[in-house]
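Raw coords-v5.txt, compact mmCIF, C-alpha atoms and all ligand atoms:
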# COMPACT_ATOMS: atom_id res chain seq x y z
CA MET A 766 73.94 86.17 88.06
CA SER A 767 71.77 88.87 86.51
CA THR A 768 72.92 92.45 86.13
CA THR A 769 70.90 95.62 86.61
CA PRO A 770 70.11 97.29 83.27
CA GLN A 771 72.10 100.39 82.38
CA LEU A 772 70.53 102.87 79.96
CA VAL A 773 72.22 104.84 77.22
CA VAL A 774 69.86 107.22 75.46
CA HIS A 775 70.83 108.82 72.15
CA ARG A 776 69.15 111.75 70.42
CA ASP A 777 67.66 109.70 67.56
CA LYS A 778 67.83 106.28 65.95
CA GLU A 779 70.52 107.25 63.43
CA LEU A 780 72.87 108.42 66.17
CA MET A 781 72.01 105.37 68.22
CA ALA A 782 72.91 103.06 65.31
CA CYS A 783 76.25 104.82 64.67
CA ALA A 784 77.22 104.95 68.35
CA THR A 785 76.25 101.31 68.88
CA ALA A 786 78.23 100.27 65.80
CA ALA A 787 81.29 102.05 67.26
CA ARG A 788 80.68 100.34 70.62
CA LEU A 789 80.41 96.93 68.96
CA ILE A 790 83.57 97.41 66.89
CA THR A 791 85.47 98.25 70.09
CA LYS A 792 84.12 95.15 71.88
CA ILE A 793 85.08 92.88 68.98
CA VAL A 794 88.56 94.38 68.60
CA ASP A 795 89.19 94.11 72.36
CA ALA A 796 88.03 90.48 72.49
CA GLN A 797 90.17 89.58 69.48
CA ALA A 798 93.18 91.29 71.07
CA SER A 799 92.79 89.40 74.33
CA ARG A 800 91.51 85.98 73.19
CA GLY A 801 92.18 85.83 69.47
CA SER A 802 88.53 85.75 68.49
CA ALA A 803 85.15 87.23 69.33
CA SER A 804 81.67 85.80 69.51
CA ILE A 805 78.58 87.88 68.79
CA VAL A 806 74.87 87.07 68.64
CA LEU A 807 72.91 89.08 66.09
CA THR A 808 69.31 90.15 66.24
CA GLY A 809 66.84 90.78 63.46
CA GLY A 810 64.35 93.61 63.23
CA ARG A 811 64.66 97.27 62.30
CA ASN A 812 67.06 98.30 65.04
CA GLY A 813 69.34 95.29 64.54
CA ASN A 814 69.52 95.85 60.80
CA GLY A 815 70.05 99.60 61.29
CA LEU A 816 73.04 98.82 63.48
CA LEU A 817 74.52 96.45 60.88
CA ALA A 818 74.07 99.06 58.15
CA ALA A 819 75.83 101.66 60.34
CA LEU A 820 78.64 99.18 60.93
CA ALA A 821 78.95 98.59 57.18
CA SER A 822 79.44 102.29 56.53
CA SER A 823 81.83 102.90 59.45
CA PRO A 824 85.46 103.43 58.38
CA ALA A 825 86.45 101.72 61.67
CA ARG A 826 85.01 98.44 60.43
CA ASP A 827 88.44 97.65 59.00
CA ALA A 828 89.76 97.41 62.58
CA VAL A 829 87.83 94.14 62.94
CA ASP A 830 89.47 90.87 61.92
CA TRP A 831 86.32 89.49 60.31
CA ALA A 832 87.81 86.02 59.77
CA ARG A 833 88.17 85.59 63.55
CA LEU A 834 84.59 86.42 64.42
CA ASP A 835 81.87 83.89 65.30
CA LEU A 836 78.38 85.03 64.44
CA TRP A 837 75.21 83.47 65.80
CA TRP A 838 71.56 84.51 65.68
CA GLY A 839 69.26 84.82 68.68
CA ASP A 840 66.22 84.03 66.57
CA GLU A 841 65.09 83.33 63.05
CA ARG A 842 61.91 83.27 61.05
CA PHE A 843 61.43 79.65 59.83
CA LEU A 844 61.30 80.33 56.11
CA PRO A 845 63.17 79.06 53.02
CA GLU A 846 66.84 79.93 52.55
CA GLY A 847 67.25 83.36 50.99
CA ASP A 848 63.73 84.51 51.87
CA GLY A 849 63.78 88.28 52.31
CA GLU A 850 62.05 87.98 55.70
CA ARG A 851 64.77 85.78 57.19
CA ASN A 852 66.93 87.62 59.70
CA ALA A 853 70.04 86.06 58.14
CA THR A 854 69.09 87.29 54.65
CA GLN A 855 68.61 90.82 55.97
CA ALA A 856 71.89 90.72 57.90
CA ARG A 857 73.75 89.53 54.80
CA ALA A 858 72.34 92.41 52.78
CA ALA A 859 73.07 94.99 55.49
CA LEU A 860 76.63 93.92 56.31
CA LEU A 861 77.75 90.31 56.09
CA ASP A 862 78.10 90.11 52.31
CA SER A 863 80.48 93.06 52.34
CA VAL A 864 83.03 91.84 54.91
CA PRO A 865 85.51 88.92 54.72
CA LEU A 866 83.91 86.54 57.24
CA ASP A 867 84.90 82.89 57.53
CA PRO A 868 81.73 81.10 56.31
CA LYS A 869 82.38 78.27 58.80
CA ARG A 870 82.02 80.79 61.63
CA VAL A 871 78.71 82.23 60.41
CA HIS A 872 76.11 80.13 62.23
CA ALA A 873 72.77 80.87 60.60
CA MET A 874 69.76 79.04 62.00
CA PRO A 875 68.34 76.33 59.72
CA ALA A 876 65.88 77.31 56.99
CA SER A 877 62.57 75.58 56.33
CA ASP A 878 64.01 74.04 53.15
CA GLY A 879 67.30 73.10 54.79
CA PRO A 880 68.58 69.72 56.06
CA TYR A 881 65.62 69.31 58.46
CA GLY A 882 62.98 70.34 55.96
CA SER A 883 59.80 71.54 57.62
CA ASP A 884 60.64 69.75 60.92
CA ILE A 885 61.09 72.86 63.02
CA GLU A 886 61.65 70.92 66.24
CA ALA A 887 64.57 69.05 64.63
CA ALA A 888 65.92 72.34 63.26
CA ALA A 889 65.82 73.96 66.72
CA ALA A 890 67.47 70.91 68.32
CA ALA A 891 70.20 70.96 65.66
CA TYR A 892 71.00 74.61 66.41
CA ALA A 893 71.14 73.84 70.13
CA ALA A 894 73.59 71.03 69.35
CA GLU A 895 75.73 73.37 67.24
CA LEU A 896 75.88 75.82 70.13
CA ALA A 897 76.73 73.07 72.61
CA ALA A 898 79.54 71.86 70.37
CA ALA A 899 81.00 75.38 70.32
CA ALA A 900 80.87 75.78 74.12
CA ARG A 901 84.19 75.30 75.92
CA PRO A 902 84.47 73.59 79.34
CA GLU A 903 85.17 76.98 80.96
CA ASP A 904 81.88 78.32 79.65
CA HIS A 905 80.01 76.12 82.17
CA ALA A 906 76.95 76.26 79.93
CA LYS A 907 75.43 74.57 76.90
CA VAL A 908 76.28 77.63 74.81
CA PRO A 909 79.47 79.67 74.37
CA SER A 910 80.01 82.71 76.61
CA PHE A 911 79.17 85.22 73.91
CA ASP A 912 80.98 88.54 74.14
CA VAL A 913 77.86 90.45 73.13
CA LEU A 914 74.34 89.22 72.51
CA MET A 915 72.07 91.77 70.86
CA LEU A 916 68.30 91.82 71.02
CA GLY A 917 65.75 94.04 69.36
CA VAL A 918 62.84 94.85 71.66
CA GLY A 919 59.42 94.39 70.10
CA PRO A 920 56.57 96.82 70.85
CA ASP A 921 54.98 93.96 72.86
CA THR A 922 58.25 93.50 74.87
CA HIS A 923 59.28 90.39 72.94
CA VAL A 924 62.98 89.68 72.53
CA ALA A 925 64.43 87.17 70.06
CA SER A 926 61.24 85.19 69.32
CA LEU A 927 60.17 84.93 72.96
CA PHE A 928 56.71 86.45 73.10
CA PRO A 929 54.79 87.31 76.28
CA GLU A 930 53.12 84.29 77.89
CA LEU A 931 54.01 81.84 75.07
CA PRO A 932 55.78 78.57 76.00
CA GLY A 933 59.21 79.72 74.75
CA VAL A 934 59.62 82.30 77.47
CA ARG A 935 58.92 79.67 80.14
CA GLU A 936 61.64 77.30 78.93
CA LYS A 937 64.22 76.59 81.62
CA GLU A 938 66.27 73.68 80.22
CA ARG A 939 66.67 73.95 76.47
CA THR A 940 68.80 76.68 74.92
CA VAL A 941 66.89 76.87 71.65
CA VAL A 942 63.20 76.25 71.01
CA ALA A 943 60.80 76.05 68.11
CA VAL A 944 58.13 78.74 68.32
CA HIS A 945 54.64 78.01 67.02
CA GLY A 946 51.95 80.65 66.65
CA ALA A 947 54.09 83.77 67.07
CA PRO A 948 51.76 86.80 67.18
CA LYS A 949 54.11 88.64 64.79
CA PRO A 950 54.40 86.98 61.37
CA PRO A 951 55.67 84.53 60.40
CA PRO A 952 54.14 82.24 63.03
CA LEU A 953 56.94 79.67 62.89
CA ARG A 954 60.25 80.75 64.36
CA ILE A 955 63.34 79.40 66.12
CA SER A 956 64.55 81.21 69.21
CA PHE A 957 67.17 81.29 71.93
CA THR A 958 65.61 80.85 75.36
CA LEU A 959 66.23 83.11 78.35
CA PRO A 960 68.84 80.70 79.84
CA ALA A 961 70.83 80.88 76.57
CA ILE A 962 70.52 84.67 76.47
CA ARG A 963 71.66 84.97 80.07
CA ALA A 964 74.86 83.01 79.34
CA ALA A 965 76.25 86.01 77.41
CA HIS A 966 78.78 88.32 79.02
CA GLU A 967 76.95 91.37 77.74
CA VAL A 968 73.36 91.65 76.59
CA TRP A 969 72.48 94.74 74.57
CA LEU A 970 68.83 95.57 74.05
CA LEU A 971 68.16 97.88 71.12
CA ALA A 972 65.08 100.06 71.31
CA ALA A 973 64.57 103.01 69.00
CA GLY A 974 61.31 104.65 67.95
CA GLU A 975 58.10 105.75 69.56
CA ASP A 976 56.56 102.29 69.18
CA LYS A 977 59.13 100.93 71.67
CA ALA A 978 58.36 103.46 74.43
CA GLU A 979 55.66 101.44 76.14
CA ALA A 980 57.68 98.23 75.93
CA ALA A 981 60.68 99.94 77.52
CA GLU A 982 58.51 101.40 80.25
CA ILE A 983 56.96 98.02 81.08
CA ALA A 984 60.19 96.00 80.93
CA LEU A 985 62.17 98.51 82.98
CA SER A 986 59.57 99.06 85.66
CA GLY A 987 59.71 95.70 87.38
CA ALA A 988 57.48 93.56 85.13
CA GLY A 989 57.97 89.80 85.21
CA GLU A 990 59.72 88.04 82.34
CA LEU A 991 56.68 85.90 81.44
CA GLN A 992 54.61 89.03 80.79
CA ALA A 993 57.54 91.08 79.46
CA PRO A 994 60.32 88.86 78.06
CA ALA A 995 62.67 91.86 77.68
CA ALA A 996 62.69 92.15 81.47
CA GLY A 997 64.36 88.73 81.69
CA ALA A 998 67.10 89.45 79.15
CA THR A 999 70.21 90.15 81.20
CA GLY A 1000 73.91 89.59 80.70
CA ARG A 1001 76.34 88.08 83.18
CA SER A 1002 78.63 91.13 83.24
CA ARG A 1003 76.43 93.83 81.77
CA THR A 1004 72.93 94.56 80.55
CA LEU A 1005 72.71 97.60 78.36
CA TRP A 1006 69.61 99.23 76.96
CA LEU A 1007 70.63 101.28 73.92
CA MET A 1008 67.82 103.64 73.09
CA ASP A 1009 66.79 106.81 71.37
CA GLU A 1010 64.85 109.60 73.05
CA ALA A 1011 61.57 108.46 71.50
CA ALA A 1012 61.87 104.97 72.99
CA ALA A 1013 62.90 106.43 76.35
CA SER A 1014 60.10 109.00 76.40
CA LYS A 1015 57.98 107.17 78.99
CA LEU A 1016 60.86 106.46 81.38
CA PRO A 1017 61.55 108.65 84.43
CA ARG A 1018 64.38 111.06 83.57
CA ALA A 1019 66.10 110.05 86.79
CA LEU A 1020 66.93 106.69 85.15
CA TYR A 1021 69.31 108.14 82.60
CA PRO A 1022 71.39 111.26 81.95
CA PRO A 1023 70.22 113.67 79.22
CA ALA A 1024 71.13 112.82 75.62
CA SER A 1025 73.71 115.06 74.00
CA PRO A 1026 72.13 117.78 71.82
O1 LIG A 1101 60.56 89.65 64.46
C1 LIG A 1101 61.48 90.10 65.08
O2 LIG A 1101 61.27 91.25 65.79
C2 LIG A 1101 62.17 91.71 66.79
C3 LIG A 1101 61.97 93.22 66.95
O3 LIG A 1101 61.97 93.82 65.66
P1 LIG A 1101 61.67 95.36 65.41
O4 LIG A 1101 61.60 95.51 63.93
O5 LIG A 1101 60.39 95.70 66.10
O6 LIG A 1101 62.84 96.12 66.00
C4 LIG A 1101 63.58 91.30 66.46
O7 LIG A 1101 64.42 91.62 67.50
C5 LIG A 1101 63.64 89.80 66.16
O8 LIG A 1101 64.95 89.39 65.93
C6 LIG A 1101 62.84 89.55 64.94
O9 LIG A 1101 62.82 88.19 64.54
Show me, as structure tokens, the structure contained in the file I just sent.
Ligand SMILES: O=C1O[C@H](COP(=O)(O)O)[C@@H](O)[C@H](O)[C@H]1O
Amino acid sequence: MSTTPQLVVHRDKELMACATAARLITKIVDAQASRGSASIVLTGGRNGNGLLAALASSPARDAVDWARLDLWWGDERFLPEGDGERNATQARAALLDSVPLDPKRVHAMPASDGPYGSDIEAAAAAYAAELAAAARPEDHAKVPSFDVLMLGVGPDTHVASLFPELPGVREKERTVVAVHGAPKPPPLRISFTLPAIRAAHEVWLLAAGEDKAEAAEIALSGAGELQAPAAGATGRSRTLWLMDEAAASKLPRALYPPASP
């Protein structure tokens, strides 16, 4: 079941990052209180890393039991381990290296010099298998029912590494695919597919900055998911667009209440 997007528009990207960090801490703490653990899918990109940096500097971060948190990535640039362009490397620098996570619960996507070498198809299949192994019977899917799956929105409406009109966004069966020829460098990437994204309880799309305004307008005005992948990114219980005023500037004001001054 897909959910209608709800919009939350903050004054600027700094406030958006702080407010989203607070929102995420609350979700994790609530999930840990009710189930014992929480499961989150991280995104790369400027907005995703801004959120992680805000989380790192939030005093409330100590409310999270970091050892009982499963972390996954929705996409990765297929580069050597430790490369500064890898989403996992950037997430480690922004937050992960400064909190006491259980390394066995940090599920980075394979690197191009990892166990599958340059075989990106094998690397994508291995990540799909890791997700399937973590899914419980009650999840009724080949991936766990993530508490929150976050996605940056690219200026071209891409989410994860699903770019408009490329094969990845058409995938209906597999949960993870290898991406060849991505229009944004690097060309080789690994990505969740829309079915994997839509298995999450909550999907949060992060869009801050003027360069996201057109993408938000297109994705939220009834575009199809093949042309605008962000339009197809919905959660089972909730789909939340977390934005700043610049990214929301092309949307009709009737869609969202005014941001606080
Ligand atoms: O390359 C990527 O880009 C998107 C969006 O990034 P942004 O810097 O324009 O916010 C990101 O969500 C994705 O994870 C990443 O691999």
List all protein, DNA and RNA residues that have at least one atom no more than 9 Å from any atom of ligand LIG 1101 (chain A), counting all atoms listed in the file, and write them as a PDB file with C-alpha atoms, in the coordinates of the input.
ATOM      1  CA  LEU A 807      72.910  89.080  66.090  1.00  0.00           C
ATOM      2  CA  THR A 808      69.310  90.150  66.240  1.00  0.00           C
ATOM      3  CA  GLY A 809      66.840  90.780  63.460  1.00  0.00           C
ATOM      4  CA  GLY A 810      64.350  93.610  63.230  1.00  0.00           C
ATOM      5  CA  ARG A 811      64.660  97.270  62.300  1.00  0.00           C
ATOM      6  CA  ASN A 812      67.060  98.300  65.040  1.00  0.00           C
ATOM      7  CA  GLY A 813      69.340  95.290  64.540  1.00  0.00           C
ATOM      8  CA  ASN A 814      69.520  95.850  60.800  1.00  0.00           C
ATOM      9  CA  TRP A 838      71.560  84.510  65.680  1.00  0.00           C
ATOM     10  CA  GLY A 839      69.260  84.820  68.680  1.00  0.00           C
ATOM     11  CA  ASP A 840      66.220  84.030  66.570  1.00  0.00           C
ATOM     12  CA  GLU A 841      65.090  83.330  63.050  1.00  0.00           C
ATOM     13  CA  ARG A 842      61.910  83.270  61.050  1.00  0.00           C
ATOM     14  CA  GLU A 850      62.050  87.980  55.700  1.00  0.00           C
ATOM     15  CA  ARG A 851      64.770  85.780  57.190  1.00  0.00           C
ATOM     16  CA  ASN A 852      66.930  87.620  59.700  1.00  0.00           C
ATOM     17  CA  MET A 915      72.070  91.770  70.860  1.00  0.00           C
ATOM     18  CA  LEU A 916      68.300  91.820  71.020  1.00  0.00           C
ATOM     19  CA  GLY A 917      65.750  94.040  69.360  1.00  0.00           C
ATOM     20  CA  VAL A 918      62.840  94.850  71.660  1.00  0.00           C
ATOM     21  CA  GLY A 919      59.420  94.390  70.100  1.00  0.00           C
ATOM     22  CA  PRO A 920      56.570  96.820  70.850  1.00  0.00           C
ATOM     23  CA  ASP A 921      54.980  93.960  72.860  1.00  0.00           C
ATOM     24  CA  THR A 922      58.250  93.500  74.870  1.00  0.00           C
ATOM     25  CA  HIS A 923      59.280  90.390  72.940  1.00  0.00           C
ATOM     26  CA  VAL A 924      62.980  89.680  72.530  1.00  0.00           C
ATOM     27  CA  ALA A 925      64.430  87.170  70.060  1.00  0.00           C
ATOM     28  CA  SER A 926      61.240  85.190  69.320  1.00  0.00           C
ATOM     29  CA  LYS A 949      54.110  88.640  64.790  1.00  0.00           C
ATOM     30  CA  PRO A 950      54.400  86.980  61.370  1.00  0.00           C
ATOM     31  CA  PRO A 951      55.670  84.530  60.400  1.00  0.00           C
ATOM     32  CA  ARG A 954      60.250  80.750  64.360  1.00  0.00           C
ATOM     33  CA  ILE A 955      63.340  79.400  66.120  1.00  0.00           C
ATOM     34  CA  SER A 956      64.550  81.210  69.210  1.00  0.00           C
ATOM     35  CA  LEU A 970      68.830  95.570  74.050  1.00  0.00           C
ATOM     36  CA  LEU A 971      68.160  97.880  71.120  1.00  0.00           C
ATOM     37  CA  ALA A 972      65.080 100.060  71.310  1.00  0.00           C
ATOM     38  CA  ALA A 973      64.570 103.010  69.000  1.00  0.00           C
ATOM     39  CA  GLY A 974      61.310 104.650  67.950  1.00  0.00           C
ATOM     40  CA  ASP A 976      56.560 102.290  69.180  1.00  0.00           C
ATOM     41  CA  LYS A 977      59.130 100.930  71.670  1.00  0.00           C
TER      42      LYS A 977
END
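One finds atom CA of A:Leu836 at 18.0 Å from atom CA of A:Ser799.
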Go ahead and compute the interatomic distance for atom CA of A:Ser986 and atom CA of A:Leu780, in Å to one decimal.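 That distance, rounded to one decimal, is 25.4 Å.
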Which residues come within 8 Å of stretch 897-900 of chain A, counting all atoms listed in the file, excluding same-chain residues fewer than 5 positions away, as a ChimeraX atom specification? /A:906-910
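Among the candidates A:Val806, A:Leu959, A:Val871, A:Leu816, the residue lying nearest to A:Ala832 is A:Val871 (atoms considered: only C-alpha atoms).
Between A:Asp835 and the candidates A:Glu979, A:Glu903, A:Asp795, A:Asp912, the tightest atom-to-atom separation, counting all atoms listed in the file, involves A:Asp912.
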Generate the missing atoms of stretch 781-815 of chain A up to N, CA and C atoms and report them as a PDB file, keeping the file's coordinate frame.
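As a result, rebuild.pdb now contains:
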ATOM      1  N   MET A 781      71.932 106.598  67.433  1.00  0.00           N
ATOM      2  CA  MET A 781      72.010 105.370  68.220  1.00  0.00           C
ATOM      3  C   MET A 781      72.690 104.254  67.418  1.00  0.00           C
ATOM      4  N   ALA A 782      72.322 104.113  66.142  1.00  0.00           N
ATOM      5  CA  ALA A 782      72.910 103.060  65.310  1.00  0.00           C
ATOM      6  C   ALA A 782      74.413 103.285  65.136  1.00  0.00           C
ATOM      7  N   CYS A 783      74.815 104.529  64.877  1.00  0.00           N
ATOM      8  CA  CYS A 783      76.250 104.820  64.670  1.00  0.00           C
ATOM      9  C   CYS A 783      77.037 104.599  65.953  1.00  0.00           C
ATOM     10  N   ALA A 784      76.497 105.083  67.075  1.00  0.00           N
ATOM     11  CA  ALA A 784      77.220 104.950  68.350  1.00  0.00           C
ATOM     12  C   ALA A 784      77.303 103.482  68.768  1.00  0.00           C
ATOM     13  N   THR A 785      76.232 102.724  68.495  1.00  0.00           N
ATOM     14  CA  THR A 785      76.250 101.310  68.880  1.00  0.00           C
ATOM     15  C   THR A 785      77.203 100.526  67.974  1.00  0.00           C
ATOM     16  N   ALA A 786      77.273 100.917  66.708  1.00  0.00           N
ATOM     17  CA  ALA A 786      78.230 100.270  65.800  1.00  0.00           C
ATOM     18  C   ALA A 786      79.655 100.492  66.312  1.00  0.00           C
ATOM     19  N   ALA A 787      79.944 101.737  66.742  1.00  0.00           N
ATOM     20  CA  ALA A 787      81.290 102.050  67.260  1.00  0.00           C
ATOM     21  C   ALA A 787      81.568 101.227  68.521  1.00  0.00           C
ATOM     22  N   ARG A 788      80.558 101.120  69.383  1.00  0.00           N
ATOM     23  CA  ARG A 788      80.680 100.340  70.620  1.00  0.00           C
ATOM     24  C   ARG A 788      80.957  98.868  70.308  1.00  0.00           C
ATOM     25  N   LEU A 789      80.251  98.350  69.303  1.00  0.00           N
ATOM     26  CA  LEU A 789      80.410  96.930  68.960  1.00  0.00           C
ATOM     27  C   LEU A 789      81.791  96.671  68.340  1.00  0.00           C
ATOM     28  N   ILE A 790      82.232  97.569  67.483  1.00  0.00           N
ATOM     29  CA  ILE A 790      83.570  97.410  66.890  1.00  0.00           C
ATOM     30  C   ILE A 790      84.618  97.334  68.001  1.00  0.00           C
ATOM     31  N   THR A 791      84.494  98.236  68.978  1.00  0.00           N
ATOM     32  CA  THR A 791      85.470  98.250  70.090  1.00  0.00           C
ATOM     33  C   THR A 791      85.428  96.930  70.869  1.00  0.00           C
ATOM     34  N   LYS A 792      84.230  96.424  71.133  1.00  0.00           N
ATOM     35  CA  LYS A 792      84.120  95.150  71.880  1.00  0.00           C
ATOM     36  C   LYS A 792      84.771  94.018  71.102  1.00  0.00           C
ATOM     37  N   ILE A 793      84.521  93.972  69.794  1.00  0.00           N
ATOM     38  CA  ILE A 793      85.080  92.880  68.980  1.00  0.00           C
ATOM     39  C   ILE A 793      86.608  92.983  68.941  1.00  0.00           C
ATOM     40  N   VAL A 794      87.104  94.195  68.700  1.00  0.00           N
ATOM     41  CA  VAL A 794      88.560  94.380  68.600  1.00  0.00           C
ATOM     42  C   VAL A 794      89.218  94.020  69.942  1.00  0.00           C
ATOM     43  N   ASP A 795      88.627  94.438  71.038  1.00  0.00           N
ATOM     44  CA  ASP A 795      89.190  94.110  72.360  1.00  0.00           C
ATOM     45  C   ASP A 795      89.197  92.602  72.604  1.00  0.00           C
ATOM     46  N   ALA A 796      88.101  91.934  72.275  1.00  0.00           N
ATOM     47  CA  ALA A 796      88.030  90.480  72.490  1.00  0.00           C
ATOM     48  C   ALA A 796      89.058  89.772  71.611  1.00  0.00           C
ATOM     49  N   GLN A 797      89.188  90.219  70.377  1.00  0.00           N
ATOM     50  CA  GLN A 797      90.170  89.580  69.480  1.00  0.00           C
ATOM     51  C   GLN A 797      91.591  89.814  69.987  1.00  0.00           C
ATOM     52  N   ALA A 798      91.831  90.999  70.556  1.00  0.00           N
ATOM     53  CA  ALA A 798      93.180  91.290  71.070  1.00  0.00           C
ATOM     54  C   ALA A 798      93.491  90.418  72.287  1.00  0.00           C
ATOM     55  N   SER A 799      92.475  90.157  73.111  1.00  0.00           N
ATOM     56  CA  SER A 799      92.790  89.400  74.330  1.00  0.00           C
ATOM     57  C   SER A 799      92.636  87.889  74.158  1.00  0.00           C
ATOM     58  N   ARG A 800      91.739  87.436  73.308  1.00  0.00           N
ATOM     59  CA  ARG A 800      91.510  85.980  73.190  1.00  0.00           C
ATOM     60  C   ARG A 800      91.769  85.419  71.803  1.00  0.00           C
ATOM     61  N   GLY A 801      91.938  86.304  70.842  1.00  0.00           N
ATOM     62  CA  GLY A 801      92.180  85.830  69.470  1.00  0.00           C
ATOM     63  C   GLY A 801      90.930  85.782  68.632  1.00  0.00           C
ATOM     64  N   SER A 802      89.774  85.772  69.272  1.00  0.00           N
ATOM     65  CA  SER A 802      88.530  85.750  68.490  1.00  0.00           C
ATOM     66  C   SER A 802      87.428  86.419  69.302  1.00  0.00           C
ATOM     67  N   ALA A 803      86.306  86.627  68.646  1.00  0.00           N
ATOM     68  CA  ALA A 803      85.150  87.230  69.330  1.00  0.00           C
ATOM     69  C   ALA A 803      83.903  86.480  68.910  1.00  0.00           C
ATOM     70  N   SER A 804      82.892  86.554  69.756  1.00  0.00           N
ATOM     71  CA  SER A 804      81.670  85.800  69.510  1.00  0.00           C
ATOM     72  C   SER A 804      80.464  86.703  69.781  1.00  0.00           C
ATOM     73  N   ILE A 805      79.665  86.894  68.745  1.00  0.00           N
ATOM     74  CA  ILE A 805      78.580  87.880  68.790  1.00  0.00           C
ATOM     75  C   ILE A 805      77.279  87.200  68.386  1.00  0.00           C
ATOM     76  N   VAL A 806      76.194  87.565  69.040  1.00  0.00           N
ATOM     77  CA  VAL A 806      74.870  87.070  68.640  1.00  0.00           C
ATOM     78  C   VAL A 806      74.094  88.227  68.031  1.00  0.00           C
ATOM     79  N   LEU A 807      73.636  88.033  66.807  1.00  0.00           N
ATOM     80  CA  LEU A 807      72.910  89.080  66.090  1.00  0.00           C
ATOM     81  C   LEU A 807      71.413  88.986  66.341  1.00  0.00           C
ATOM     82  N   THR A 808      70.765  90.106  66.162  1.00  0.00           N
ATOM     83  CA  THR A 808      69.310  90.150  66.240  1.00  0.00           C
ATOM     84  C   THR A 808      68.752  90.587  64.888  1.00  0.00           C
ATOM     85  N   GLY A 809      67.520  90.261  64.653  1.00  0.00           N
ATOM     86  CA  GLY A 809      66.840  90.780  63.460  1.00  0.00           C
ATOM     87  C   GLY A 809      66.096  92.041  63.817  1.00  0.00           C
ATOM     88  N   GLY A 810      65.191  92.443  62.958  1.00  0.00           N
ATOM     89  CA  GLY A 810      64.350  93.610  63.230  1.00  0.00           C
ATOM     90  C   GLY A 810      64.996  94.903  62.747  1.00  0.00           C
ATOM     91  N   ARG A 811      64.220  95.973  62.839  1.00  0.00           N
ATOM     92  CA  ARG A 811      64.660  97.270  62.300  1.00  0.00           C
ATOM     93  C   ARG A 811      65.897  97.805  62.997  1.00  0.00           C
ATOM     94  N   ASN A 812      65.913  97.730  64.323  1.00  0.00           N
ATOM     95  CA  ASN A 812      67.060  98.300  65.040  1.00  0.00           C
ATOM     96  C   ASN A 812      68.324  97.478  64.817  1.00  0.00           C
ATOM     97  N   GLY A 813      68.175  96.167  64.786  1.00  0.00           N
ATOM     98  CA  GLY A 813      69.340  95.290  64.540  1.00  0.00           C
ATOM     99  C   GLY A 813      69.915  95.523  63.150  1.00  0.00           C
ATOM    100  N   ASN A 814      69.042  95.638  62.164  1.00  0.00           N
ATOM    101  CA  ASN A 814      69.520  95.850  60.800  1.00  0.00           C
ATOM    102  C   ASN A 814      70.089  97.261  60.622  1.00  0.00           C
ATOM    103  N   GLY A 815      69.510  98.234  61.336  1.00  0.00           N
ATOM    104  CA  GLY A 815      70.050  99.600  61.290  1.00  0.00           C
ATOM    105  C   GLY A 815      71.471  99.645  61.836  1.00  0.00           C
TER     106      GLY A 815
END
